[in-house]
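Peer 1: Got a file for you: final_19.pdb, PDB, C-alpha atoms.
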ATOM      1  CA  MET A   1       3.650-101.186 148.329  1.00  0.00           C
ATOM      2  CA  GLU A   2       4.000-100.093 151.933  1.00  0.00           C
ATOM      3  CA  MET A   3       0.270 -99.400 152.092  1.00  0.00           C
ATOM      4  CA  MET A   4      -0.540-102.817 150.650  1.00  0.00           C
ATOM      5  CA  ALA A   5       1.660-104.520 153.244  1.00  0.00           C
ATOM      6  CA  GLY A   6       0.575-102.248 156.079  1.00  0.00           C
ATOM      7  CA  THR A   7      -2.682-101.540 157.838  1.00  0.00           C
ATOM      8  CA  ALA A   8      -4.118 -98.916 155.459  1.00  0.00           C
ATOM      9  CA  SER A   9      -7.784 -99.370 154.623  1.00  0.00           C
ATOM     10  CA  GLU A  10      -8.934-100.298 151.148  1.00  0.00           C
ATOM     11  CA  GLY A  11     -10.315 -96.786 150.750  1.00  0.00           C
ATOM     12  CA  GLU A  12      -6.981 -95.199 151.653  1.00  0.00           C
ATOM     13  CA  ILE A  13      -5.175 -97.433 149.177  1.00  0.00           C
ATOM     14  CA  ARG A  14      -7.672 -96.626 146.425  1.00  0.00           C
ATOM     15  CA  THR A  15      -7.364 -92.893 147.143  1.00  0.00           C
ATOM     16  CA  GLN A  16      -3.580 -93.077 147.005  1.00  0.00           C
ATOM     17  CA  ASN A  17      -3.760 -95.061 143.757  1.00  0.00           C
ATOM     18  CA  GLY A  18      -6.012 -92.382 142.255  1.00  0.00           C
ATOM     19  CA  THR A  19      -3.527 -89.703 143.281  1.00  0.00           C
ATOM     20  CA  VAL A  20      -0.656 -91.633 141.686  1.00  0.00           C
ATOM     21  CA  GLN A  21      -2.638 -92.095 138.471  1.00  0.00           C
ATOM     22  CA  GLN A  22      -3.421 -88.362 138.307  1.00  0.00           C
ATOM     23  CA  LEU A  23       0.249 -87.500 138.817  1.00  0.00           C
ATOM     24  CA  GLN A  24       1.300 -89.977 136.119  1.00  0.00           C
ATOM     25  CA  GLU A  25      -1.176 -88.356 133.740  1.00  0.00           C
ATOM     26  CA  GLN A  26       0.213 -84.907 134.565  1.00  0.00           C
ATOM     27  CA  ILE A  27       3.747 -86.152 133.900  1.00  0.00           C
ATOM     28  CA  ALA A  28       2.696 -87.680 130.574  1.00  0.00           C
ATOM     29  CA  THR A  29       0.998 -84.415 129.570  1.00  0.00           C
ATOM     30  CA  ALA A  30       4.058 -82.367 130.540  1.00  0.00           C
ATOM     31  CA  CYS A  31       6.314 -84.698 128.518  1.00  0.00           C
ATOM     32  CA  PHE A  32       4.019 -84.399 125.517  1.00  0.00           C
ATOM     33  CA  GLU A  33       3.917 -80.609 125.748  1.00  0.00           C
ATOM     34  CA  SER A  34       7.695 -80.530 126.048  1.00  0.00           C
ATOM     35  CA  MET A  35       8.059 -82.650 122.920  1.00  0.00           C
ATOM     36  CA  ILE A  36       5.673 -80.356 121.023  1.00  0.00           C
ATOM     37  CA  ALA A  37       7.706 -77.322 122.114  1.00  0.00           C
ATOM     38  CA  MET A  38      10.955 -78.990 121.015  1.00  0.00           C
ATOM     39  CA  ARG A  39       9.402 -79.928 117.687  1.00  0.00           C
ATOM     40  CA  GLU A  40       8.614 -76.303 116.946  1.00  0.00           C
ATOM     41  CA  VAL A  41      12.284 -75.301 117.010  1.00  0.00           C
ATOM     42  CA  LEU A  42      13.699 -78.285 115.111  1.00  0.00           C
ATOM     43  CA  THR A  43      14.316 -78.430 111.402  1.00  0.00           C
ATOM     44  CA  PRO A  44      12.644 -81.269 109.454  1.00  0.00           C
ATOM     45  CA  GLU A  45      15.971 -83.141 109.445  1.00  0.00           C
ATOM     46  CA  GLN A  46      16.364 -82.695 113.192  1.00  0.00           C
ATOM     47  CA  ARG A  47      12.793 -83.898 113.685  1.00  0.00           C
ATOM     48  CA  GLU A  48      13.608 -87.084 111.795  1.00  0.00           C
ATOM     49  CA  GLU A  49      16.737 -87.623 113.881  1.00  0.00           C
ATOM     50  CA  PHE A  50      14.815 -86.945 117.074  1.00  0.00           C
ATOM     51  CA  ALA A  51      12.088 -89.408 116.048  1.00  0.00           C
ATOM     52  CA  SER A  52      14.740 -92.021 115.343  1.00  0.00           C
ATOM     53  CA  MET A  53      16.342 -91.446 118.744  1.00  0.00           C
ATOM     54  CA  MET A  54      12.975 -91.736 120.469  1.00  0.00           C
ATOM     55  CA  GLN A  55      12.217 -94.988 118.630  1.00  0.00           C
ATOM     56  CA  GLU A  56      15.579 -96.411 119.678  1.00  0.00           C
ATOM     57  CA  ARG A  57      14.953 -95.356 123.265  1.00  0.00           C
ATOM     58  CA  HIS A  58      11.537 -97.008 123.182  1.00  0.00           C
ATOM     59  CA  GLN A  59      13.019-100.246 121.835  1.00  0.00           C
ATOM     60  CA  ASN A  60      15.744-100.236 124.496  1.00  0.00           C
ATOM     61  CA  THR A  61      13.140 -99.762 127.198  1.00  0.00           C
ATOM     62  CA  GLN A  62      11.042-102.609 125.794  1.00  0.00           C
ATOM     63  CA  GLU A  63      14.100-104.862 125.742  1.00  0.00           C
ATOM     64  CA  ARG A  64      14.953-104.027 129.344  1.00  0.00           C
ATOM     65  CA  TRP A  65      11.409-104.761 130.482  1.00  0.00           C
ATOM     66  CA  GLY A  66      11.443-107.983 128.490  1.00  0.00           C
ATOM     67  CA  ASN A  67      14.699-109.032 130.128  1.00  0.00           C
ATOM     68  CA  ARG A  68      13.305-108.121 133.517  1.00  0.00           C
ATOM     69  CA  ASP A  69      10.263-110.331 132.938  1.00  0.00           C
ATOM     70  CA  LYS A  70      12.456-113.268 131.890  1.00  0.00           C
ATOM     71  CA  SER A  71      14.698-112.901 134.921  1.00  0.00           C
ATOM     72  CA  GLY A  72      11.733-112.982 137.283  1.00  0.00           C
ATOM     73  CA  ARG A  73      12.246-109.479 138.657  1.00  0.00           C
TER      74      ARG A  73
END
Translate the structure of the given file into structure tokens.

Peer 2:
Amino acid sequence: MEMMAGTASEGEIRTQNGTVQQLQEQIATACFESMIAMREVLTPEQREEFASMMQERHQNTQERWGNRDKSGR
């Protein structure tokens, strides 16, 4: 946001955006690999519980984002 408000060139902003996107992809990959590693040590029952917890977390996140949109933030 600072670059958008500042005097950075379009090229600099695009380069920074590309860097951010690459880092986000690396984070997503690391999270996925971590989940796969956790899965390998869980029992089938624990996997079901973990999946349920992840679904609940996802729904809570969606609700927060929905509330944020409605509040104008």

Peer 1: Could you jot down the CA of Gln24 in chain A to CA of Thr7 in chain A separation for me, Å, one decimal place?

Peer 2: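 Separating CA of Gln24 in chain A from CA of Thr7 in chain A is a distance of 24.9 Å.
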
Peer 1: Which residues, written as a list of chain:residue names, have at least one atom at most 12 Å from Ala51 in chain A, with only C-alpha atoms counted and residues fewer than 6 positions away on the same chain left out?

Peer 2: A:Met35, A:Met38, A:Arg39, A:Leu42, A:Pro44, A:Glu45, A:Arg57, A:His58

Peer 1: Hey, can you check how far CA of Met3 in chain A sits from CA of Asn17 in chain A?

Peer 2: 10.2 Å

Peer 1: Quick one: 8 Å padding each side, axis-aligned, all listed atoms of range 20-23 of chain A - centre and edge lengths in Å to one decimal, as lines of an AutoDock Vina configuration file?

Peer 2:
center_x = -1.6
center_y = -89.8
center_z = 140.0
size_x = 19.7
size_y = 20.6
size_z = 19.4

Peer 1: Can you tell me how far CA of Gln46 in chain A sits from CA of Glu63 in chain A, in Å to one decimal?

Peer 2: 25.6 Å

Peer 1: Would you kindly return, as a PyMOL selection string, each protein, DNA or RNA residue with an atom no farther than 12 Å from any atom of Gln16 in chain A, considering all atoms listed in the file and excluding same-chain residues fewer than 5 positions away?

Peer 2: chain A and resi 1-4+8-11+21-23
